[in-house]
Each structure stands twice: as C-alpha cells, then as structure tokens.
file coords-v2.cif (mmCIF, C-alpha atoms and all ligand atoms)
data_query
#
loop_
_atom_site.label_atom_id
_atom_site.label_comp_id
_atom_site.auth_asym_id
_atom_site.auth_seq_id
_atom_site.Cartn_x
_atom_site.Cartn_y
_atom_site.Cartn_z
CA MET A 1 36.26 100.64 44.18
CA ILE A 2 38.55 103.57 43.34
CA TYR A 3 42.16 102.80 42.54
CA THR A 4 44.35 105.62 43.78
CA ASP A 5 47.43 104.28 42.04
CA SER A 6 47.04 103.81 38.30
CA TYR A 7 49.69 101.07 38.40
CA ALA A 8 47.15 99.01 40.31
CA TYR A 9 44.90 98.78 37.27
CA MET A 10 47.47 99.25 34.54
CA PRO A 11 50.53 97.17 35.41
CA ASP A 12 52.76 95.91 32.59
CA LEU A 13 51.18 92.85 30.98
CA ASP A 14 53.44 90.39 29.15
CA THR A 15 52.33 87.98 26.42
CA PRO A 16 54.49 85.75 24.21
CA ARG A 17 55.20 88.50 21.64
CA LEU A 18 54.10 91.67 23.41
CA ARG A 19 54.57 93.83 26.44
CA LEU A 20 51.67 96.12 27.28
CA ARG A 21 53.19 99.03 29.14
CA LYS A 22 52.49 102.65 29.87
CA LEU A 23 53.52 105.08 27.18
CA THR A 24 56.22 107.70 27.70
CA MET A 25 57.22 110.79 25.72
CA HIS A 26 60.06 108.70 24.22
CA ASP A 27 57.44 106.78 22.21
CA ALA A 28 56.51 109.75 20.02
CA ALA A 29 58.43 108.61 16.91
CA ASP A 30 56.96 105.08 17.10
CA ILE A 31 53.43 106.41 17.59
CA TYR A 32 53.84 108.82 14.69
CA ARG A 33 55.19 106.07 12.39
CA TYR A 34 51.82 104.29 12.30
CA SER A 35 49.35 106.95 13.44
CA ARG A 36 50.03 109.02 10.33
CA ASP A 37 48.42 106.20 8.30
CA VAL A 38 44.85 107.13 7.31
CA GLU A 39 43.99 103.43 7.07
CA VAL A 40 44.83 102.97 10.76
CA ALA A 41 42.78 106.03 11.69
CA ARG A 42 39.81 105.24 9.43
CA HIS A 43 37.67 103.42 12.01
CA VAL A 44 38.83 105.10 15.20
CA LEU A 45 37.72 108.42 16.65
CA TRP A 46 41.04 110.20 16.21
CA GLU A 47 42.42 111.80 13.05
CA ALA A 48 45.59 110.52 11.38
CA HIS A 49 48.54 112.42 12.86
CA ARG A 50 49.84 115.15 10.55
CA SER A 51 53.13 115.68 12.38
CA ILE A 52 55.10 114.25 15.27
CA GLY A 53 53.65 117.18 17.23
CA ASP A 54 50.25 115.45 17.05
CA SER A 55 51.84 112.29 18.47
CA ARG A 56 53.47 114.27 21.28
CA ALA A 57 50.13 115.93 22.07
CA TYR A 58 48.51 112.48 22.24
CA LEU A 59 51.25 111.27 24.60
CA ARG A 60 50.89 114.33 26.85
CA TYR A 61 47.14 113.63 27.00
CA MET A 62 47.77 109.98 27.91
CA LEU A 63 50.37 110.83 30.55
CA ARG A 64 47.91 113.27 32.12
CA ARG A 65 45.34 110.46 32.26
CA TYR A 66 47.86 108.15 33.98
CA ARG A 67 48.67 110.88 36.50
CA ASN A 68 44.99 111.53 37.23
CA HIS A 69 44.18 107.79 37.47
CA GLU A 70 41.72 108.12 34.60
CA PRO A 71 40.92 105.34 32.10
CA ALA A 72 43.85 105.18 29.69
CA SER A 73 45.69 103.02 27.15
CA TRP A 74 48.75 100.84 27.32
CA GLY A 75 51.32 101.04 24.57
CA ILE A 76 51.72 97.72 22.74
CA GLU A 77 55.45 97.01 22.60
CA TYR A 78 56.66 94.37 20.16
CA ARG A 79 59.15 92.60 22.39
CA GLU A 80 61.47 91.48 19.61
CA THR A 81 62.27 95.07 18.61
CA GLY A 82 61.10 97.13 21.59
CA ALA A 83 58.99 99.31 19.26
CA ILE A 84 55.54 100.58 20.16
CA ILE A 85 53.24 99.26 17.41
CA GLY A 86 49.82 100.13 18.78
CA THR A 87 47.71 100.91 21.81
CA ILE A 88 44.97 99.19 23.76
CA GLY A 89 43.08 100.42 26.78
CA TYR A 90 39.96 101.65 28.48
CA MET A 91 37.54 104.10 26.92
CA TRP A 92 35.74 104.23 30.26
CA ILE A 93 35.54 102.29 33.51
CA GLN A 94 32.45 102.25 35.72
CA TRP A 95 33.56 100.96 39.09
CA ASP A 96 29.96 100.97 40.39
CA ASN A 97 28.93 98.50 37.69
CA SER A 98 32.30 96.73 37.48
CA ALA A 99 32.17 97.46 33.76
CA ALA A 100 34.57 98.86 31.18
CA GLU A 101 34.90 99.46 27.45
CA ILE A 102 38.10 98.63 25.60
CA GLY A 103 39.44 100.20 22.41
CA TYR A 104 42.60 99.53 20.39
CA SER A 105 44.61 100.30 17.28
CA LEU A 106 47.60 98.70 15.59
CA SER A 107 50.20 99.64 13.00
CA ARG A 108 49.20 98.35 9.54
CA ASP A 109 52.56 96.54 9.21
CA TYR A 110 51.38 94.14 11.93
CA TRP A 111 47.78 93.43 10.86
CA ASN A 112 46.52 89.87 10.51
CA ARG A 113 49.19 88.22 12.62
CA GLY A 114 47.02 87.69 15.69
CA ILE A 115 48.66 90.58 17.54
CA MET A 116 45.53 92.39 18.70
CA THR A 117 43.90 89.11 19.68
CA GLU A 118 46.94 88.41 21.88
CA ALA A 119 46.77 91.91 23.40
CA LEU A 120 43.00 91.90 23.99
CA ARG A 121 43.14 88.46 25.64
CA ALA A 122 45.71 89.80 28.11
CA VAL A 123 43.61 92.88 28.89
CA ILE A 124 40.47 90.77 29.39
CA ALA A 125 42.34 88.35 31.69
CA HIS A 126 43.61 91.27 33.73
CA GLY A 127 40.15 92.88 33.77
CA PHE A 128 38.51 89.78 35.22
CA GLY A 129 41.56 89.12 37.38
CA SER A 130 43.02 91.88 39.50
CA MET A 131 40.51 94.52 38.35
CA ASN A 132 37.61 92.29 39.33
CA LEU A 133 35.38 93.51 36.50
CA ASN A 134 32.10 91.82 35.67
CA HIS A 135 31.44 93.17 32.15
CA ILE A 136 33.88 94.15 29.43
CA GLU A 137 32.65 95.57 26.14
CA ALA A 138 34.02 96.84 22.87
CA GLN A 139 32.48 98.21 19.70
CA HIS A 140 33.48 98.44 16.08
CA GLU A 141 32.13 100.06 12.97
CA LEU A 142 30.23 97.66 10.72
CA THR A 143 32.69 98.52 7.97
CA ASN A 144 35.60 97.23 10.13
CA PRO A 145 34.91 93.48 10.33
CA ALA A 146 38.50 92.56 11.30
CA SER A 147 37.90 94.20 14.68
CA GLY A 148 34.76 92.09 15.20
CA ALA A 149 36.83 88.99 14.40
CA VAL A 150 39.31 89.98 17.14
CA MET A 151 36.47 90.37 19.65
CA ARG A 152 34.96 86.98 18.80
CA LYS A 153 38.34 85.26 19.00
CA CYS A 154 38.66 86.66 22.53
CA GLY A 155 35.31 85.16 23.58
CA MET A 156 33.21 88.30 23.27
CA GLN A 157 29.63 87.95 22.07
CA LYS A 158 27.70 90.34 19.89
CA GLU A 159 25.10 92.23 21.90
CA GLY A 160 23.58 94.04 18.95
CA THR A 161 23.96 96.70 16.31
CA LEU A 162 23.72 100.31 17.44
CA ARG A 163 22.49 102.46 14.58
CA SER A 164 24.24 105.77 13.92
CA ARG A 165 25.89 105.38 17.33
CA LEU A 166 29.07 107.35 16.57
CA PHE A 167 29.88 110.47 14.62
CA ASN A 168 33.17 109.66 12.92
CA LYS A 169 34.96 111.82 10.39
CA GLY A 170 31.91 113.69 9.24
CA ARG A 171 29.25 110.98 9.30
CA TYR A 172 27.14 108.91 11.66
CA VAL A 173 28.20 105.28 11.66
CA ASP A 174 26.56 102.04 12.79
CA VAL A 175 28.53 99.92 15.24
CA ASP A 176 28.35 96.36 16.55
CA LEU A 177 28.59 96.17 20.32
CA TYR A 178 30.33 93.11 21.80
CA ALA A 179 30.70 92.06 25.43
CA ILE A 180 32.14 89.33 27.60
CA LEU A 181 30.89 88.71 31.13
CA ARG A 182 32.87 87.32 34.03
CA LYS A 183 30.65 84.21 34.01
CA ASP A 184 31.36 83.59 30.28
CA TYR A 185 35.05 83.98 30.93
CA THR A 186 35.05 81.70 33.98
CA ALA A 187 33.10 79.03 32.09
CA LYS A 188 35.64 79.16 29.25
CA SER A 189 38.60 79.08 31.64
CA ASN A 190 37.10 75.95 33.25
CA GLY A 191 36.92 74.32 29.84
CA ARG A 192 33.14 74.35 29.79
CA GLY A 193 32.79 77.19 27.27
C1 LIG B 201 41.24 95.86 13.74
C2 LIG B 201 42.66 95.53 14.17
C3 LIG B 201 42.84 95.93 15.61
C4 LIG B 201 42.91 94.04 14.04
O1 LIG B 201 44.16 93.72 14.62
P1 LIG B 201 44.98 92.45 14.12
O2 LIG B 201 46.15 92.24 15.02
O3 LIG B 201 45.21 92.53 12.67
O4 LIG B 201 43.91 91.29 14.43
P2 LIG B 201 44.16 89.72 14.43
O5 LIG B 201 45.27 89.38 13.47
O6 LIG B 201 44.28 89.29 15.85
O7 LIG B 201 42.77 89.20 13.86
C5 LIG B 201 42.23 89.78 12.69
C6 LIG B 201 41.13 88.90 12.17
O8 LIG B 201 40.34 89.67 11.26
C7 LIG B 201 40.20 88.94 10.07
N1 LIG B 201 40.04 89.92 8.99
C8 LIG B 201 40.98 90.74 8.46
N2 LIG B 201 40.42 91.51 7.51
C9 LIG B 201 39.12 91.17 7.45
C10 LIG B 201 38.02 91.60 6.66
N3 LIG B 201 38.16 92.56 5.73
N4 LIG B 201 36.83 91.01 6.86
C11 LIG B 201 36.66 90.05 7.80
N5 LIG B 201 37.66 89.59 8.58
C12 LIG B 201 38.87 90.15 8.39
C13 LIG B 201 41.47 88.14 9.96
O9 LIG B 201 41.30 87.06 9.07
C14 LIG B 201 41.62 87.70 11.41
O10 LIG B 201 40.73 86.64 11.74
P3 LIG B 201 41.23 85.08 11.74
O11 LIG B 201 42.37 84.98 12.70
O12 LIG B 201 40.00 84.35 12.19
O13 LIG B 201 41.66 84.78 10.35
C15 LIG B 201 43.70 96.27 13.30
O14 LIG B 201 43.41 96.00 11.97
C16 LIG B 201 43.73 97.78 13.51
O15 LIG B 201 44.32 98.28 14.45
N6 LIG B 201 43.06 98.54 12.64
C17 LIG B 201 43.09 100.01 12.72
C18 LIG B 201 42.47 100.58 13.98
C19 LIG B 201 41.14 99.98 14.29
O16 LIG B 201 40.36 99.75 13.40
N7 LIG B 201 40.92 99.71 15.57
C20 LIG B 201 39.70 99.09 16.02
C21 LIG B 201 38.61 100.08 16.19
S1 LIG B 201 37.14 99.25 16.72
#

call {"tool": "encode", "arguments": {"input": "coords-v2.cif", "output": "structure tokens"}}
result
Amino acid sequence: MIYTDSYAYMPDLDTPRLRLRKLTMHDAADIYRYSRDVEVARHVLWEAHRSIGDSRAYLRYMLRRYRNHEPASWGIEYRETGAIIGTIGYMWIQWDNSAAEIGYSLSRDYWNRGIMTEALRAVIAHGFGSMNLNHIEAQHELTNPASGAVMRKCGMQKEGTLRSRLFNKGRYVDVDLYAILRKDYTAKSNGRG
C-alpha cells in the first residue's frame, strides 16, 4: 500500500499530555533548545546542533520528507505549554512487509516522566490501527538502557543484540533490537497479554 497523502499516515495524535504533530519552520527555536544538548544527541545518529541554523536545516529536511511522503517524524508538543520537546517517527517503512522502525528523542528537561512511553504507545496504536502494520521495531544502543525500558513498557520484546550494528560518533556500537507484532498487540488489547 502506498499512501499518496502523508496526512494519511501521519495525522496529529493526541495523548493526555502530548500532541504529536508535524513540525513546521516555526519550531526551530524549540528544537534548538534541546538538540544542542550533547547528552540528548549521545545515542542518536545526529550530532548536537551547534546553531539554530542546524535546527532549521533539520526542519527543512523533515518538511521535504513530509512533502515527498517519505518516512518522517512527528514533533512532540507538550500540550500544557505548546512547546516542541522532542520528536518520534519512522526511520523506514516497508509497505510490502507491513513493517516499520521507530526512533525518538526527547529534551533532557522531560526525561523520566513517562513522556516517551506515552508518545511511543500512541505511535504503536496508530501503526497497528490505521496504518495496518504487522511489525514495528526499534533499536537502542546497549549503553542507553532507558530507551530499552521505554520499549518494554510499550509491549515490545527484545529480538536480540546486534553487534557493531551502527557507526555512531566515531565508533561501532552494539544495539538491542526490539519488536512488537500485531498479534502481540491484539492479545494485549484483549487483556490476554
Ligand atoms: C531514551 C528516552 C527517549 C527516554 O524517554 P523518557 O520520556 O525519559 O522515558 P520514560 O520516562 O517513558 O521511561 C524511562 C524509563 O527508563 C528508566 N531509566 C532511566 N535511566 C535509566 C538507566 N540509566 N538505566 C536503566 N533504566 C533507566 C526509567 O526508570 C524509566 O523506567 P520506569 O518507568 O520503569 O522507571 C530519553 O531519555 C531521550 O530522548 N534520550 C535522548 C535521545 C535518545 O537516546 N533517544 C533514543 C535513541 S534509541
């Protein structure tokens, strides 16, 4: 299945504290506020932003992906303030296999409050809902256990450790691969999981 309108696979998603919505160029200052933090960038494949120009370049890249209906990220808006505090979205989508990989990052000011768990749950529900996916995966560096905790809390299971799978900031790193299948999700939703 090919979606010709990116809104079909990336509508706004609301949760109690968050609104997942498409980014706009107006979000540059918010993105820069947390993306300049080397601790936020440590375990992701992008470098900490050195100027708001880096944040604008990221937004232009994301807007181009929306326009071209390519896998992209939502901005995570904290509803109470309207600020963008992170992103979550698809690294890739394989429509033939009904499979996708999700990645995310969050401002350090908001860590350990269950925010990413809330966001990932919404993206998984949407993936198995209107996107009709069968397999959703995510991976994290072994040195980033908080991300593994988020995946487990969302019902993902560890598939295995992939040795030297990524080249990140000058070195090869091991990652844990997690996945949730439609049947796991349905069993949980029916209270049998
Ligand atoms: C990883 C990240 C997304 C987590 O988001 P978050 O909103 O803080 O996650 P949550 O609050 O929903 O859950 C975090 C869990 O990790 C646990 N945790 C935190 N630090 C930990 C550590 N050093 N070791 C083990 N578990 C840890 C927390 O206790 C919590 O689990 P609990 O609810 O069972 O107590 C966030 O820290 C982040 O964006 N980091 C920078 C970017 C990044 O690493 N992205 C992921 C790339 S794979």

call {"tool": "axis_aligned_box", "arguments": {"input": "coords-v2.cif", "around": "range 133-152 of chain A", "padding_each_side": "5 Å", "output": "AutoDock Vina command-line options"}}
result
--center_x 34.8 --center_y 93.5 --center_z 22.2 --size_x 19.1 --size_y 23.1 --size_z 38.5

call {"tool": "atom_distance", "arguments": {"input": "coords-v2.cif", "atom1": "CA of Ala100 in chain A", "atom2": "CA of Ile136 in chain A"}}
result
5.1 Å

call {"tool": "residues_near_ligand", "arguments": {"input": "coords-v2.cif", "ligand": "ligand LIG 201 (chain B)", "cutoff": "10 Å", "atoms": "all atoms listed in the file", "output": "MDAnalysis selection string"}}
result
chainID A and resid 34:35 37:46 85:88 102:121 138:154 175:177

call {"tool": "atom_distance", "arguments": {"input": "coords-v2.cif", "atom1": "CA of Thr161 in chain A", "atom2": "CA of Tyr185 in chain A"}}
result
22.3 Å

call {"tool": "residues_around", "arguments": {"input": "coords-v2.cif", "residues": "Glu101 in chain A", "least_positions_apart": "3", "cutoff": "12 Å", "atoms": "all atoms listed in the file", "output": "PyMOL selection string"}}
result
chain A and resi 71-73+88-95+97-98+104+120+123-124+127+133-140+177-180

call {"tool": "closest_atom_pairs", "arguments": {"input": "coords-v2.cif", "of": "range 74-167 of chain A", "to": "range 13-21 of chain A", "cutoff": "6 Å", "atoms": "only C-alpha atoms", "output": "CSV"}}
result
residue,atom,partner,partner_atom,distance
A:Trp74,CA,A:Arg21,CA,5.1
A:Gly75,CA,A:Arg21,CA,5.3
A:Ile76,CA,A:Leu20,CA,4.8
A:Glu77,CA,A:Arg19,CA,5.1
A:Tyr78,CA,A:Leu18,CA,4.9
A:Arg79,CA,A:Leu18,CA,5.2

call {"tool": "write_last_selection", "arguments": {"input": "coords-v2.cif", "atoms": "C-alpha atoms", "output": "JSON list (two decimals), keeping the file's coordinate frame"}}
result
[["chain", "number", "residue", "atom", "x", "y", "z"],
["A", 74, "TRP", "CA", 48.75, 100.84, 27.32],
["A", 75, "GLY", "CA", 51.32, 101.04, 24.57],
["A", 76, "ILE", "CA", 51.72, 97.72, 22.74],
["A", 77, "GLU", "CA", 55.45, 97.01, 22.60],
["A", 78, "TYR", "CA", 56.66, 94.37, 20.16],
["A", 79, "ARG", "CA", 59.15, 92.60, 22.39]]

call {"tool": "atom_distance", "arguments": {"input": "coords-v2.cif", "atom1": "CA of Ser189 in chain A", "atom2": "CA of Pro11 in chain A"}}
result
22.0 Å

call {"tool": "residues_around", "arguments": {"input": "coords-v2.cif", "residues": "Glu70 in chain A", "least_positions_apart": "3", "cutoff": "9 Å", "atoms": "all atoms listed in the file", "output": "PyMOL selection string"}}
result
chain A and resi 6+64-67+92-93

call {"tool": "residues_around", "arguments": {"input": "coords-v2.cif", "residues": "Tyr32 in chain A", "least_positions_apart": "2", "cutoff": "8 Å", "atoms": "all atoms listed in the file", "output": "list in words"}}
result
Ala28, Ala29, Asp30, Tyr34, Ser35, Arg36, His49, Ser51, Ile52, Asp54 and Ser55 of chain A

call {"tool": "decode", "arguments": {"input": "coords-v2.cif", "residues": "range 149-182 of chain A", "atoms": "N, CA and C atoms", "output": "short mmCIF file (atom, residue, chain, number, x, y, z; two decimals), in the first residue's frame"}}
result
data_model
loop_
_atom_site.label_atom_id
_atom_site.label_comp_id
_atom_site.auth_asym_id
_atom_site.auth_seq_id
_atom_site.Cartn_x
_atom_site.Cartn_y
_atom_site.Cartn_z
N ALA A 149 13.96 0.46 28.30
CA ALA A 149 12.86 0.45 29.28
C ALA A 149 11.58 0.99 28.63
N VAL A 150 11.72 2.04 27.83
CA VAL A 150 10.55 2.61 27.13
C VAL A 150 9.93 1.54 26.21
N MET A 151 10.79 0.86 25.46
CA MET A 151 10.29 -0.16 24.51
C MET A 151 9.55 -1.27 25.25
N ARG A 152 10.13 -1.75 26.35
CA ARG A 152 9.46 -2.82 27.11
C ARG A 152 8.13 -2.35 27.68
N LYS A 153 8.11 -1.11 28.19
CA LYS A 153 6.86 -0.60 28.77
C LYS A 153 5.76 -0.50 27.71
N CYS A 154 6.17 -0.40 26.45
CA CYS A 154 5.19 -0.31 25.36
C CYS A 154 4.86 -1.68 24.77
N GLY A 155 5.34 -2.74 25.41
CA GLY A 155 4.98 -4.10 24.97
C GLY A 155 5.90 -4.68 23.92
N MET A 156 7.04 -4.00 23.66
CA MET A 156 7.98 -4.55 22.68
C MET A 156 8.84 -5.61 23.36
N GLN A 157 9.24 -6.59 22.57
CA GLN A 157 10.09 -7.66 23.09
C GLN A 157 11.46 -7.60 22.45
N LYS A 158 12.46 -8.00 23.23
CA LYS A 158 13.82 -7.98 22.68
C LYS A 158 14.00 -9.13 21.70
N GLU A 159 14.46 -8.79 20.50
CA GLU A 159 14.70 -9.80 19.47
C GLU A 159 16.13 -10.31 19.55
N GLY A 160 17.03 -9.45 20.01
CA GLY A 160 18.43 -9.87 20.09
C GLY A 160 19.36 -8.68 20.13
N THR A 161 20.64 -8.99 20.30
CA THR A 161 21.66 -7.94 20.28
C THR A 161 22.38 -8.00 18.94
N LEU A 162 22.49 -6.86 18.30
CA LEU A 162 23.18 -6.78 17.01
C LEU A 162 24.54 -6.14 17.26
N ARG A 163 25.58 -6.92 17.04
CA ARG A 163 26.93 -6.46 17.38
C ARG A 163 27.45 -5.48 16.35
N SER A 164 28.02 -4.39 16.84
CA SER A 164 28.63 -3.36 15.97
C SER A 164 27.69 -2.96 14.83
N ARG A 165 26.41 -2.85 15.15
CA ARG A 165 25.39 -2.64 14.10
C ARG A 165 25.43 -1.23 13.53
N LEU A 166 25.78 -0.24 14.40
CA LEU A 166 25.76 1.15 13.94
C LEU A 166 27.12 1.79 14.13
N PHE A 167 27.41 2.73 13.25
CA PHE A 167 28.61 3.55 13.41
C PHE A 167 28.14 4.89 13.92
N ASN A 168 28.41 5.18 15.19
CA ASN A 168 27.88 6.40 15.80
C ASN A 168 29.00 7.21 16.43
N LYS A 169 29.18 8.39 15.95
CA LYS A 169 30.14 9.34 16.51
C LYS A 169 31.52 8.70 16.66
N GLY A 170 31.95 8.11 15.57
CA GLY A 170 33.33 7.64 15.50
C GLY A 170 33.59 6.22 15.96
N ARG A 171 32.52 5.48 16.34
CA ARG A 171 32.79 4.10 16.76
C ARG A 171 31.60 3.21 16.42
N TYR A 172 31.90 1.92 16.28
CA TYR A 172 30.83 0.94 16.05
C TYR A 172 30.20 0.60 17.38
N VAL A 173 28.88 0.56 17.42
CA VAL A 173 28.19 0.31 18.69
C VAL A 173 27.25 -0.89 18.55
N ASP A 174 27.12 -1.62 19.66
CA ASP A 174 26.17 -2.73 19.73
C ASP A 174 24.78 -2.17 20.04
N VAL A 175 23.76 -2.77 19.45
CA VAL A 175 22.40 -2.32 19.77
C VAL A 175 21.51 -3.52 20.10
N ASP A 176 20.50 -3.26 20.93
CA ASP A 176 19.44 -4.24 21.17
C ASP A 176 18.28 -3.89 20.24
N LEU A 177 17.82 -4.92 19.54
CA LEU A 177 16.67 -4.74 18.64
C LEU A 177 15.41 -5.24 19.35
N TYR A 178 14.38 -4.41 19.35
CA TYR A 178 13.09 -4.77 19.96
C TYR A 178 12.02 -4.74 18.87
N ALA A 179 10.97 -5.55 19.07
CA ALA A 179 9.84 -5.50 18.13
C ALA A 179 8.54 -5.84 18.84
N ILE A 180 7.47 -5.37 18.26
CA ILE A 180 6.12 -5.78 18.68
C ILE A 180 5.36 -6.15 17.41
N LEU A 181 4.66 -7.28 17.48
CA LEU A 181 3.89 -7.74 16.32
C LEU A 181 2.42 -7.43 16.54
N ARG A 182 1.70 -7.33 15.45
CA ARG A 182 0.26 -7.07 15.55
C ARG A 182 -0.40 -8.08 16.50
#
